[in-house]
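data-v4.pdb (PDB, C-alpha atoms)
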ATOM      1  CA  ARG A   1       0.000   0.000   0.000  1.00  0.00           C
ATOM      2  CA  LYS A   2       1.245   3.440  -0.846  1.00  0.00           C
ATOM      3  CA  GLU A   3       1.769   5.557   2.247  1.00  0.00           C
ATOM      4  CA  VAL A   4       1.676   9.188   3.202  1.00  0.00           C
ATOM      5  CA  GLU A   5       3.283  10.058   6.529  1.00  0.00           C
ATOM      6  CA  GLN A   6       2.762  13.209   8.544  1.00  0.00           C
ATOM      7  CA  ASP A   7       3.840  14.460  11.942  1.00  0.00           C
ATOM      8  CA  PRO A   8       0.560  14.395  13.896  1.00  0.00           C
ATOM      9  CA  GLY A   9       1.541  17.350  16.083  1.00  0.00           C
ATOM     10  CA  PRO A  10      -0.076  19.177  17.697  1.00  0.00           C
ATOM     11  CA  PHE A  11       1.803  22.265  16.669  1.00  0.00           C
ATOM     12  CA  ASN A  12       1.008  25.001  19.164  1.00  0.00           C
ATOM     13  CA  VAL A  13       2.113  28.398  17.877  1.00  0.00           C
ATOM     14  CA  PRO A  14       1.379  32.038  18.764  1.00  0.00           C
ATOM     15  CA  GLU A  15      -0.433  34.345  16.396  1.00  0.00           C
ATOM     16  CA  GLY A  16       1.891  35.782  13.810  1.00  0.00           C
ATOM     17  CA  ALA A  17       4.285  32.851  13.873  1.00  0.00           C
ATOM     18  CA  THR A  18       5.510  30.967  10.852  1.00  0.00           C
ATOM     19  CA  VAL A  19       4.944  27.227  10.957  1.00  0.00           C
ATOM     20  CA  ALA A  20       5.872  24.458   8.561  1.00  0.00           C
ATOM     21  CA  PHE A  21       4.605  20.913   8.182  1.00  0.00           C
ATOM     22  CA  ASN A  22       6.276  18.138   6.268  1.00  0.00           C
ATOM     23  CA  CYS A  23       4.776  15.115   4.627  1.00  0.00           C
ATOM     24  CA  THR A  24       6.607  12.161   3.092  1.00  0.00           C
ATOM     25  CA  TYR A  25       5.175   9.955   0.394  1.00  0.00           C
ATOM     26  CA  SER A  26       6.118   6.578  -1.000  1.00  0.00           C
ATOM     27  CA  ASN A  27       4.624   6.672  -4.492  1.00  0.00           C
ATOM     28  CA  SER A  28       7.532   7.998  -6.518  1.00  0.00           C
ATOM     29  CA  ALA A  29       5.317   8.101  -9.626  1.00  0.00           C
ATOM     30  CA  SER A  30       3.050  10.785  -8.167  1.00  0.00           C
ATOM     31  CA  GLN A  31       3.075  14.012 -10.151  1.00  0.00           C
ATOM     32  CA  SER A  32       0.849  16.145  -7.981  1.00  0.00           C
ATOM     33  CA  PHE A  33      -0.029  16.464  -4.343  1.00  0.00           C
ATOM     34  CA  PHE A  34      -2.615  18.243  -2.282  1.00  0.00           C
ATOM     35  CA  TRP A  35      -3.120  19.823   1.105  1.00  0.00           C
ATOM     36  CA  TYR A  36      -6.567  19.665   2.626  1.00  0.00           C
ATOM     37  CA  ARG A  37      -7.748  21.495   5.716  1.00  0.00           C
ATOM     38  CA  GLN A  38     -10.167  19.925   8.170  1.00  0.00           C
ATOM     39  CA  ASP A  39     -11.741  21.874  10.991  1.00  0.00           C
ATOM     40  CA  CYS A  40     -12.809  20.013  14.108  1.00  0.00           C
ATOM     41  CA  ARG A  41     -15.809  17.772  13.395  1.00  0.00           C
ATOM     42  CA  LYS A  42     -16.119  19.154   9.873  1.00  0.00           C
ATOM     43  CA  GLU A  43     -15.446  17.840   6.408  1.00  0.00           C
ATOM     44  CA  PRO A  44     -12.048  18.222   4.709  1.00  0.00           C
ATOM     45  CA  LYS A  45     -11.671  20.987   2.146  1.00  0.00           C
ATOM     46  CA  LEU A  46      -8.990  21.465  -0.472  1.00  0.00           C
ATOM     47  CA  LEU A  47      -6.452  24.078   0.573  1.00  0.00           C
ATOM     48  CA  MET A  48      -3.776  23.860  -2.101  1.00  0.00           C
ATOM     49  CA  SER A  49      -2.556  21.760  -4.986  1.00  0.00           C
ATOM     50  CA  VAL A  50       1.163  21.184  -5.493  1.00  0.00           C
ATOM     51  CA  TYR A  51       2.503  20.545  -8.964  1.00  0.00           C
ATOM     52  CA  SER A  52       6.138  20.510 -10.074  1.00  0.00           C
ATOM     53  CA  SER A  53       8.188  22.525  -7.592  1.00  0.00           C
ATOM     54  CA  GLY A  54       5.558  24.292  -5.533  1.00  0.00           C
ATOM     55  CA  ASN A  55       2.675  26.677  -5.163  1.00  0.00           C
ATOM     56  CA  GLU A  56       1.975  29.880  -3.233  1.00  0.00           C
ATOM     57  CA  ASP A  57      -1.357  31.357  -2.207  1.00  0.00           C
ATOM     58  CA  GLY A  58      -1.187  34.351   0.077  1.00  0.00           C
ATOM     59  CA  ARG A  59       0.255  33.280   3.417  1.00  0.00           C
ATOM     60  CA  PHE A  60       0.431  29.656   2.351  1.00  0.00           C
ATOM     61  CA  THR A  61       3.292  28.078   0.425  1.00  0.00           C
ATOM     62  CA  ALA A  62       3.505  24.437  -0.549  1.00  0.00           C
ATOM     63  CA  GLN A  63       6.719  22.952  -1.870  1.00  0.00           C
ATOM     64  CA  LEU A  64       7.601  19.619  -3.392  1.00  0.00           C
ATOM     65  CA  ASN A  65      10.952  17.880  -3.114  1.00  0.00           C
ATOM     66  CA  ARG A  66      10.897  14.893  -5.455  1.00  0.00           C
ATOM     67  CA  ALA A  67      14.416  13.755  -4.658  1.00  0.00           C
ATOM     68  CA  SER A  68      13.565  13.287  -0.994  1.00  0.00           C
ATOM     69  CA  GLN A  69       9.897  12.490  -1.650  1.00  0.00           C
ATOM     70  CA  TYR A  70       8.379  15.036   0.669  1.00  0.00           C
ATOM     71  CA  ILE A  71       6.099  18.000   0.415  1.00  0.00           C
ATOM     72  CA  SER A  72       5.849  20.853   2.863  1.00  0.00           C
ATOM     73  CA  LEU A  73       3.267  23.429   3.812  1.00  0.00           C
ATOM     74  CA  LEU A  74       4.444  26.767   5.166  1.00  0.00           C
ATOM     75  CA  ILE A  75       2.030  29.129   6.876  1.00  0.00           C
ATOM     76  CA  ARG A  76       3.269  32.665   7.492  1.00  0.00           C
ATOM     77  CA  ASP A  77       1.749  35.181   9.899  1.00  0.00           C
ATOM     78  CA  SER A  78      -0.488  32.542  11.524  1.00  0.00           C
ATOM     79  CA  LYS A  79      -4.048  33.541  12.396  1.00  0.00           C
ATOM     80  CA  LEU A  80      -6.325  32.085  15.026  1.00  0.00           C
ATOM     81  CA  SER A  81      -8.534  30.921  12.157  1.00  0.00           C
ATOM     82  CA  ASP A  82      -5.703  28.759  10.816  1.00  0.00           C
ATOM     83  CA  SER A  83      -6.259  26.348  13.706  1.00  0.00           C
ATOM     84  CA  ALA A  84      -7.256  23.080  12.067  1.00  0.00           C
ATOM     85  CA  THR A  85      -5.888  19.725  10.987  1.00  0.00           C
ATOM     86  CA  TYR A  86      -3.963  19.740   7.730  1.00  0.00           C
ATOM     87  CA  LEU A  87      -4.116  16.620   5.593  1.00  0.00           C
ATOM     88  CA  CYS A  88      -1.435  15.706   3.093  1.00  0.00           C
ATOM     89  CA  VAL A  89      -2.780  13.857   0.063  1.00  0.00           C
ATOM     90  CA  SER A  90      -1.018  11.870  -2.615  1.00  0.00           C
ATOM     91  CA  PRO A  91      -2.430  10.179  -5.691  1.00  0.00           C
ATOM     92  CA  TRP A  92      -2.432   6.428  -5.646  1.00  0.00           C
ATOM     93  CA  GLY A  93      -1.973   4.402  -8.773  1.00  0.00           C
ATOM     94  CA  GLY A  94      -4.328   1.909 -10.263  1.00  0.00           C
ATOM     95  CA  SER A  95      -6.609   1.797 -13.268  1.00  0.00           C
ATOM     96  CA  GLN A  96      -8.932   4.431 -11.882  1.00  0.00           C
ATOM     97  CA  GLY A  97      -6.608   6.079  -9.514  1.00  0.00           C
ATOM     98  CA  ASN A  98      -7.487   7.414  -6.118  1.00  0.00           C
ATOM     99  CA  LEU A  99      -6.092   9.492  -3.325  1.00  0.00           C
ATOM    100  CA  ILE A 100      -4.203   8.470  -0.217  1.00  0.00           C
ATOM    101  CA  PHE A 101      -4.757  10.739   2.778  1.00  0.00           C
ATOM    102  CA  GLY A 102      -2.245  11.246   5.553  1.00  0.00           C
ATOM    103  CA  LYS A 103      -3.474  11.109   9.125  1.00  0.00           C
ATOM    104  CA  GLY A 104      -3.148  14.846   9.444  1.00  0.00           C
ATOM    105  CA  THR A 105      -1.155  17.425  11.364  1.00  0.00           C
ATOM    106  CA  LYS A 106      -3.009  19.396  13.993  1.00  0.00           C
ATOM    107  CA  LEU A 107      -2.274  23.106  14.271  1.00  0.00           C
ATOM    108  CA  SER A 108      -3.403  25.244  17.156  1.00  0.00           C
ATOM    109  CA  VAL A 109      -2.755  28.987  16.927  1.00  0.00           C
ATOM    110  CA  LYS A 110      -2.926  30.769  20.274  1.00  0.00           C
ATOM    111  CA  PRO A 111      -3.535  34.468  20.968  1.00  0.00           C
TER     112      PRO A 111
ATOM    113  CA  ASP B   1     -20.195  25.097  -1.327  1.00  0.00           C
ATOM    114  CA  ALA B   2     -20.777  21.993  -3.403  1.00  0.00           C
ATOM    115  CA  GLY B   3     -24.264  20.590  -3.127  1.00  0.00           C
ATOM    116  CA  ILE B   4     -23.710  17.349  -1.245  1.00  0.00           C
ATOM    117  CA  THR B   5     -26.127  16.044   1.324  1.00  0.00           C
ATOM    118  CA  GLN B   6     -25.557  13.022   3.509  1.00  0.00           C
ATOM    119  CA  SER B   7     -28.261  11.272   5.465  1.00  0.00           C
ATOM    120  CA  PRO B   8     -28.622  10.390   8.200  1.00  0.00           C
ATOM    121  CA  ARG B   9     -26.079  12.687   9.854  1.00  0.00           C
ATOM    122  CA  HIS B  10     -26.109  10.667  13.045  1.00  0.00           C
ATOM    123  CA  LYS B  11     -27.173   7.100  13.672  1.00  0.00           C
ATOM    124  CA  VAL B  12     -26.884   4.659  16.546  1.00  0.00           C
ATOM    125  CA  THR B  13     -27.607   1.051  15.753  1.00  0.00           C
ATOM    126  CA  GLU B  14     -27.019  -2.401  17.126  1.00  0.00           C
ATOM    127  CA  THR B  15     -24.624  -5.080  15.958  1.00  0.00           C
ATOM    128  CA  GLY B  16     -26.076  -7.219  13.213  1.00  0.00           C
ATOM    129  CA  THR B  17     -28.568  -4.695  11.864  1.00  0.00           C
ATOM    130  CA  PRO B  18     -28.400  -3.389   8.296  1.00  0.00           C
ATOM    131  CA  VAL B  19     -27.597   0.265   7.769  1.00  0.00           C
ATOM    132  CA  THR B  20     -27.796   2.395   4.642  1.00  0.00           C
ATOM    133  CA  LEU B  21     -26.181   5.791   4.308  1.00  0.00           C
ATOM    134  CA  ARG B  22     -27.234   8.046   1.489  1.00  0.00           C
ATOM    135  CA  CYS B  23     -25.261  10.629  -0.420  1.00  0.00           C
ATOM    136  CA  HIS B  24     -27.079  13.035  -2.711  1.00  0.00           C
ATOM    137  CA  GLN B  25     -25.382  15.569  -4.976  1.00  0.00           C
ATOM    138  CA  THR B  26     -26.740  18.385  -7.090  1.00  0.00           C
ATOM    139  CA  GLU B  27     -23.496  19.074  -8.991  1.00  0.00           C
ATOM    140  CA  ASN B  28     -23.921  16.386 -11.651  1.00  0.00           C
ATOM    141  CA  HIS B  29     -20.360  15.193 -10.993  1.00  0.00           C
ATOM    142  CA  ARG B  30     -19.433  11.845 -12.455  1.00  0.00           C
ATOM    143  CA  TYR B  31     -17.315  10.510  -9.603  1.00  0.00           C
ATOM    144  CA  MET B  32     -18.576   9.722  -6.124  1.00  0.00           C
ATOM    145  CA  TYR B  33     -16.771   8.191  -3.159  1.00  0.00           C
ATOM    146  CA  TRP B  34     -17.388   6.848   0.300  1.00  0.00           C
ATOM    147  CA  TYR B  35     -14.638   7.292   2.904  1.00  0.00           C
ATOM    148  CA  ARG B  36     -14.440   6.460   6.568  1.00  0.00           C
ATOM    149  CA  GLN B  37     -12.402   8.424   9.086  1.00  0.00           C
ATOM    150  CA  ASP B  38     -11.203   6.949  12.365  1.00  0.00           C
ATOM    151  CA  PRO B  39      -8.798   8.220  15.035  1.00  0.00           C
ATOM    152  CA  GLY B  40      -5.266   7.137  14.204  1.00  0.00           C
ATOM    153  CA  HIS B  41      -6.105   6.579  10.568  1.00  0.00           C
ATOM    154  CA  GLY B  42      -6.309   8.862   7.607  1.00  0.00           C
ATOM    155  CA  LEU B  43      -9.397   8.985   5.487  1.00  0.00           C
ATOM    156  CA  ARG B  44      -9.753   5.537   3.926  1.00  0.00           C
ATOM    157  CA  LEU B  45     -11.630   4.826   0.740  1.00  0.00           C
ATOM    158  CA  ILE B  46     -14.407   2.260   1.012  1.00  0.00           C
ATOM    159  CA  HIS B  47     -15.964   2.256  -2.465  1.00  0.00           C
ATOM    160  CA  TYR B  48     -16.203   4.652  -5.321  1.00  0.00           C
ATOM    161  CA  SER B  49     -18.273   5.136  -8.451  1.00  0.00           C
ATOM    162  CA  TYR B  50     -17.259   6.425 -11.845  1.00  0.00           C
ATOM    163  CA  GLY B  51     -20.738   6.492 -13.313  1.00  0.00           C
ATOM    164  CA  VAL B  52     -24.238   5.149 -12.951  1.00  0.00           C
ATOM    165  CA  LYS B  53     -24.037   1.468 -12.085  1.00  0.00           C
ATOM    166  CA  ASP B  54     -20.222   1.623 -12.281  1.00  0.00           C
ATOM    167  CA  THR B  55     -18.614   1.053  -8.917  1.00  0.00           C
ATOM    168  CA  ASP B  56     -15.395  -0.380  -7.587  1.00  0.00           C
ATOM    169  CA  LYS B  57     -13.812  -1.329  -4.302  1.00  0.00           C
ATOM    170  CA  GLY B  58     -11.491   0.863  -2.329  1.00  0.00           C
ATOM    171  CA  GLU B  59      -9.011   0.069   0.380  1.00  0.00           C
ATOM    172  CA  VAL B  60     -11.454  -1.034   3.115  1.00  0.00           C
ATOM    173  CA  SER B  61     -14.465  -2.467   1.266  1.00  0.00           C
ATOM    174  CA  ASP B  62     -15.077  -5.631   3.310  1.00  0.00           C
ATOM    175  CA  GLY B  63     -18.482  -5.529   4.970  1.00  0.00           C
ATOM    176  CA  TYR B  64     -19.759  -2.734   2.728  1.00  0.00           C
ATOM    177  CA  SER B  65     -21.676  -2.574  -0.518  1.00  0.00           C
ATOM    178  CA  VAL B  66     -22.708   0.360  -2.662  1.00  0.00           C
ATOM    179  CA  SER B  67     -25.162   1.205  -5.358  1.00  0.00           C
ATOM    180  CA  ARG B  68     -25.544   4.053  -7.779  1.00  0.00           C
ATOM    181  CA  SER B  69     -28.736   3.917  -9.820  1.00  0.00           C
ATOM    182  CA  LYS B  70     -28.793   7.654 -10.551  1.00  0.00           C
ATOM    183  CA  THR B  71     -26.059  10.202 -11.101  1.00  0.00           C
ATOM    184  CA  GLU B  72     -27.047  12.134  -8.018  1.00  0.00           C
ATOM    185  CA  ASP B  73     -27.324   9.302  -5.472  1.00  0.00           C
ATOM    186  CA  PHE B  74     -24.687   6.983  -4.037  1.00  0.00           C
ATOM    187  CA  LEU B  75     -25.762   4.587  -1.309  1.00  0.00           C
ATOM    188  CA  LEU B  76     -23.484   2.823   1.165  1.00  0.00           C
ATOM    189  CA  THR B  77     -24.890  -0.274   2.849  1.00  0.00           C
ATOM    190  CA  LEU B  78     -23.603  -2.163   5.844  1.00  0.00           C
ATOM    191  CA  GLU B  79     -25.376  -5.502   5.485  1.00  0.00           C
ATOM    192  CA  SER B  80     -24.770  -6.500   9.094  1.00  0.00           C
ATOM    193  CA  ALA B  81     -23.187  -3.746  11.133  1.00  0.00           C
ATOM    194  CA  THR B  82     -20.310  -4.530  13.490  1.00  0.00           C
ATOM    195  CA  SER B  83     -18.704  -2.436  16.213  1.00  0.00           C
ATOM    196  CA  SER B  84     -15.595  -2.031  14.042  1.00  0.00           C
ATOM    197  CA  GLN B  85     -17.734  -0.075  11.606  1.00  0.00           C
ATOM    198  CA  THR B  86     -18.335   2.648  14.168  1.00  0.00           C
ATOM    199  CA  SER B  87     -16.887   5.627  12.356  1.00  0.00           C
ATOM    200  CA  VAL B  88     -17.508   8.910  10.629  1.00  0.00           C
ATOM    201  CA  TYR B  89     -18.435   8.330   7.016  1.00  0.00           C
ATOM    202  CA  PHE B  90     -17.811  10.970   4.397  1.00  0.00           C
ATOM    203  CA  CYS B  91     -19.220  11.055   0.921  1.00  0.00           C
ATOM    204  CA  ALA B  92     -17.193  12.945  -1.659  1.00  0.00           C
ATOM    205  CA  ILE B  93     -17.651  13.921  -5.279  1.00  0.00           C
ATOM    206  CA  SER B  94     -15.318  15.025  -8.020  1.00  0.00           C
ATOM    207  CA  GLU B  95     -15.835  16.319 -11.513  1.00  0.00           C
ATOM    208  CA  TYR B  96     -12.658  14.734 -12.827  1.00  0.00           C
ATOM    209  CA  ARG B  97     -10.887  11.479 -12.172  1.00  0.00           C
ATOM    210  CA  THR B  98      -8.592  11.604  -9.180  1.00  0.00           C
ATOM    211  CA  GLY B  99      -5.317   9.818  -8.699  1.00  0.00           C
ATOM    212  CA  THR B 100      -2.143   9.746 -10.700  1.00  0.00           C
ATOM    213  CA  GLY B 101      -2.458  12.145 -13.603  1.00  0.00           C
ATOM    214  CA  GLY B 102      -5.852  13.304 -12.483  1.00  0.00           C
ATOM    215  CA  SER B 103      -7.309  15.981 -10.305  1.00  0.00           C
ATOM    216  CA  GLY B 104      -7.034  15.981  -6.543  1.00  0.00           C
ATOM    217  CA  GLU B 105     -10.074  18.057  -5.812  1.00  0.00           C
ATOM    218  CA  LEU B 106     -12.739  16.280  -3.865  1.00  0.00           C
ATOM    219  CA  PHE B 107     -15.797  17.962  -2.390  1.00  0.00           C
ATOM    220  CA  PHE B 108     -16.935  16.321   0.801  1.00  0.00           C
ATOM    221  CA  GLY B 109     -20.286  16.079   2.459  1.00  0.00           C
ATOM    222  CA  GLU B 110     -20.637  16.987   6.113  1.00  0.00           C
ATOM    223  CA  GLY B 111     -20.249  13.408   7.268  1.00  0.00           C
ATOM    224  CA  SER B 112     -22.413  10.760   8.870  1.00  0.00           C
ATOM    225  CA  ARG B 113     -21.510   9.677  12.365  1.00  0.00           C
ATOM    226  CA  LEU B 114     -22.384   6.008  12.893  1.00  0.00           C
ATOM    227  CA  THR B 115     -22.199   4.224  16.218  1.00  0.00           C
ATOM    228  CA  VAL B 116     -22.663   0.458  16.321  1.00  0.00           C
ATOM    229  CA  LEU B 117     -23.355  -0.882  19.808  1.00  0.00           C
TER     230      LEU B 117
END

Would you kindly transcribe this structure into structure tokens?
Amino acid sequence: RKEVEQDPGPFNVPEGATVAFNCTYSNSASQSFFWYRQDCRKEPKLLMSVYSSGNEDGRFTAQLNRASQYISLLIRDSKLSDSATYLCVSPWGGSQGNLIFGKGTKLSVKP
Amino acid sequence: DAGITQSPRHKVTETGTPVTLRCHQTENHRYMYWYRQDPGHGLRLIHYSYGVKDTDKGEVSDGYSVSRSKTEDFLLTLESATSSQTSVYFCAISEYRTGTGGSGELFFGEGSRLTVL
């Protein structure tokens, strides 16, 4: 089974801090990756897609390191509203193809 | 937000009883999925559908069956519920195929919390 590994945290950071999560994957054939955000007792929602080297969206930057098979998510200037669990997602091979979800990294931003 | 409705949202049942969870979408997306989410595990795919009457097994399909007779509805059935099937079940939809070479964007329903006593 293809795996996606994440540090479960929790990461407890003050407002305004910069925090980074890493995620390692085992499917070397994967071309794209995704970060989902899941609030407590809510459904996951797509945060960012990561193709080739990386992607940036406001305070969020996702980077891909194919040589070491990991992706990272960097959050700058953390807000209280960033508190959530962040799920790393990798495609999984097969005739139809599906997604493998990591167990998630919990972030708690404190005032 | 994508139009996905799961029902029931909460259910408590007893071991050995059949349970059906329903997922209804108004987006006309081709692909539909059932996942379960448990502490200590990531979201795990149970079954998915790539069209009406076209379904396939996911990673944890034992003890579950599905049906899709209409584009908008995807049913998950536990023929004889067991305590190990206590979980939060999420339905998801996607417009495009996911996986290697495909899209990664899934839209999830709000989840159905099932407790099997």

To test your reading of the syntax: which residues would the PyMOL selection byres ((chain B) within 8 of (chain A)) return for the file shown? Reply as a VMD selection string.
chain B and resid 40 to 44 90 97 to 102 104 to 111

Output C-alpha atoms for every residue in that selection, as a short mmCIF file (atom, residue, chain, number, x, y, z; two decimals), in the coordinates of the input.
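out-v3.cif was written with the following content:
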data_model
loop_
_atom_site.label_atom_id
_atom_site.label_comp_id
_atom_site.auth_asym_id
_atom_site.auth_seq_id
_atom_site.Cartn_x
_atom_site.Cartn_y
_atom_site.Cartn_z
CA GLY B 40 -5.27 7.14 14.20
CA HIS B 41 -6.10 6.58 10.57
CA GLY B 42 -6.31 8.86 7.61
CA LEU B 43 -9.40 8.98 5.49
CA ARG B 44 -9.75 5.54 3.93
CA PHE B 90 -17.81 10.97 4.40
CA ARG B 97 -10.89 11.48 -12.17
CA THR B 98 -8.59 11.60 -9.18
CA GLY B 99 -5.32 9.82 -8.70
CA THR B 100 -2.14 9.75 -10.70
CA GLY B 101 -2.46 12.14 -13.60
CA GLY B 102 -5.85 13.30 -12.48
CA GLY B 104 -7.03 15.98 -6.54
CA GLU B 105 -10.07 18.06 -5.81
CA LEU B 106 -12.74 16.28 -3.86
CA PHE B 107 -15.80 17.96 -2.39
CA PHE B 108 -16.93 16.32 0.80
CA GLY B 109 -20.29 16.08 2.46
CA GLU B 110 -20.64 16.99 6.11
CA GLY B 111 -20.25 13.41 7.27
#

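Across the structure, CA of Lys106 (chain A) and CA of Glu56 (chain A) are spaced 20.8 Å apart.
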
Point-to-point distance in Å for CA of Tyr31 (chain B) and CA of Thr86 (chain B):
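Between CA of Thr86 (chain B) and CA of Tyr31 (chain B) the gap works out to 25.1 Å.
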
Hits of the PyMOL selection byres ((chain A and resi 60-65) around 9) in this structure, as a list in words:
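What the PyMOL selection byres ((chain A and resi 60-65) around 9) grabs from the file is Ser32, Phe33, Phe34, Trp35, Met48, Ser49, Val50, Tyr51, Ser52, Ser53, Gly54, Asn55, Glu56, Asp57, Gly58, Arg59, Arg66, Ala67, Ser68, Gln69, Tyr70, Ile71, Ser72, Leu73, Leu74, Ile75 and Arg76 of chain A.
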
On this structure, the PyMOL selection byres ((chain B and resi 83) around 10) would catch which residues? List them as a list in words, sorted by chain and number.
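When the PyMOL selection byres ((chain B and resi 83) around 10) is applied, the selected residues are Thr13, Glu14, Thr15, Gly16, Ala81, Thr82, Ser84, Gln85, Thr86, Ser87, Leu114, Thr115, Val116 and Leu117 of chain B.
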
Any idea what's packed within 8 Å of Phe11 (chain A), counting only C-alpha atoms, ignoring anything in its chain fewer than 4 positions away? Could you give it as a list in words?
Thr105, Lys106, Leu107 and Ser108 of chain A

Report as a list in words all protein, DNA and RNA residues lying within 9 Å of Ser78 (chain A), evaluated on only C-alpha atoms, omitting residues in the same chain fewer than 4 positions from it.
Val13, Pro14, Glu15, Gly16, Ala17, Thr18, Val19, Arg59, Asp82, Ser83 and Val109 of chain A

With all atoms listed in the file as the basis for distance, which of B:Thr20, B:Ser94, B:Ser80, B:Ser49 is at the shortest distance from Ser7 (chain B)?
B:Thr20

Between CA of Lys53 (chain B) and CA of Asp73 (chain B), what is the distance, to one decimal in Å?
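Straight-line distance from CA of Lys53 (chain B) to CA of Asp73 (chain B) works out to 10.8 Å.
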
Residue contacts of region 56-60 of chain B (6 Å, only C-alpha atoms) excluding same-chain residues fewer than 3 positions away, as an NGL selection string:
:B and (45-48)

Restricted to C-alpha atoms, what would the selected residues look like written as a short mmCIF file (atom, residue, chain, number, x, y, z; two decimals), in the frame of the given file?
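Saved file part.cif follows:
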data_model
loop_
_atom_site.label_atom_id
_atom_site.label_comp_id
_atom_site.auth_asym_id
_atom_site.auth_seq_id
_atom_site.Cartn_x
_atom_site.Cartn_y
_atom_site.Cartn_z
CA LEU B 45 -11.63 4.83 0.74
CA ILE B 46 -14.41 2.26 1.01
CA HIS B 47 -15.96 2.26 -2.46
CA TYR B 48 -16.20 4.65 -5.32
#

Using all atoms listed in the file, find the one residue out of A:Gln38, A:Tyr86, A:Ser81, A:Pro10 that sits nearest to Cys23 (chain A).
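Counting all atoms listed in the file, the residue closest to Cys23 (chain A) is A:Tyr86.
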
Give the centre and edge lengths of an axis-aligned box, in Å to one decimal, that holds all listed atoms of region 8-26 of chain A with 4 Å on each side, as AutoDock Vina command-line options.
--center_x 3.1 --center_y 21.2 --center_z 9.1 --size_x 15.0 --size_y 37.2 --size_z 28.2

For region 62-67 of chain A, where the input has fewer atoms than it should, I would like all heavy atoms rebuilt and written as a compact mmCIF listing (two decimals), in the frame of the given file.
# COMPACT_ATOMS: atom_id res chain seq x y z
N ALA A 62 3.28 25.88 -0.53
CA ALA A 62 3.50 24.44 -0.55
C ALA A 62 4.67 24.16 -1.48
O ALA A 62 4.75 24.73 -2.57
CB ALA A 62 2.25 23.72 -1.03
N GLN A 63 5.56 23.30 -1.06
CA GLN A 63 6.72 22.95 -1.87
C GLN A 63 6.85 21.45 -1.99
O GLN A 63 6.46 20.70 -1.09
CB GLN A 63 7.99 23.55 -1.28
CG GLN A 63 8.01 25.08 -1.35
CD GLN A 63 9.36 25.66 -1.02
OE1 GLN A 63 9.98 25.25 -0.07
NE2 GLN A 63 9.81 26.61 -1.82
N LEU A 64 7.43 21.04 -3.10
CA LEU A 64 7.60 19.62 -3.39
C LEU A 64 9.08 19.33 -3.60
O LEU A 64 9.74 20.03 -4.36
CB LEU A 64 6.81 19.26 -4.66
CG LEU A 64 7.05 17.90 -5.29
CD1 LEU A 64 6.69 16.78 -4.33
CD2 LEU A 64 6.26 17.78 -6.60
N ASN A 65 9.57 18.33 -2.93
CA ASN A 65 10.95 17.88 -3.11
C ASN A 65 10.90 16.43 -3.59
O ASN A 65 10.72 15.51 -2.80
CB ASN A 65 11.72 17.99 -1.79
CG ASN A 65 13.18 17.63 -1.94
OD1 ASN A 65 13.53 16.64 -2.59
ND2 ASN A 65 14.06 18.42 -1.35
N ARG A 66 11.04 16.25 -4.89
CA ARG A 66 10.90 14.89 -5.46
C ARG A 66 12.07 14.00 -5.07
O ARG A 66 11.89 12.80 -4.88
CB ARG A 66 10.81 14.97 -6.98
CG ARG A 66 9.51 15.58 -7.48
CD ARG A 66 9.37 15.37 -8.98
NE ARG A 66 8.23 16.10 -9.48
CZ ARG A 66 6.98 15.66 -9.37
NH1 ARG A 66 6.72 14.52 -8.78
NH2 ARG A 66 5.99 16.39 -9.85
N ALA A 67 13.24 14.57 -4.97
CA ALA A 67 14.42 13.76 -4.66
C ALA A 67 14.27 13.08 -3.30
O ALA A 67 14.63 11.91 -3.12
CB ALA A 67 15.67 14.62 -4.70
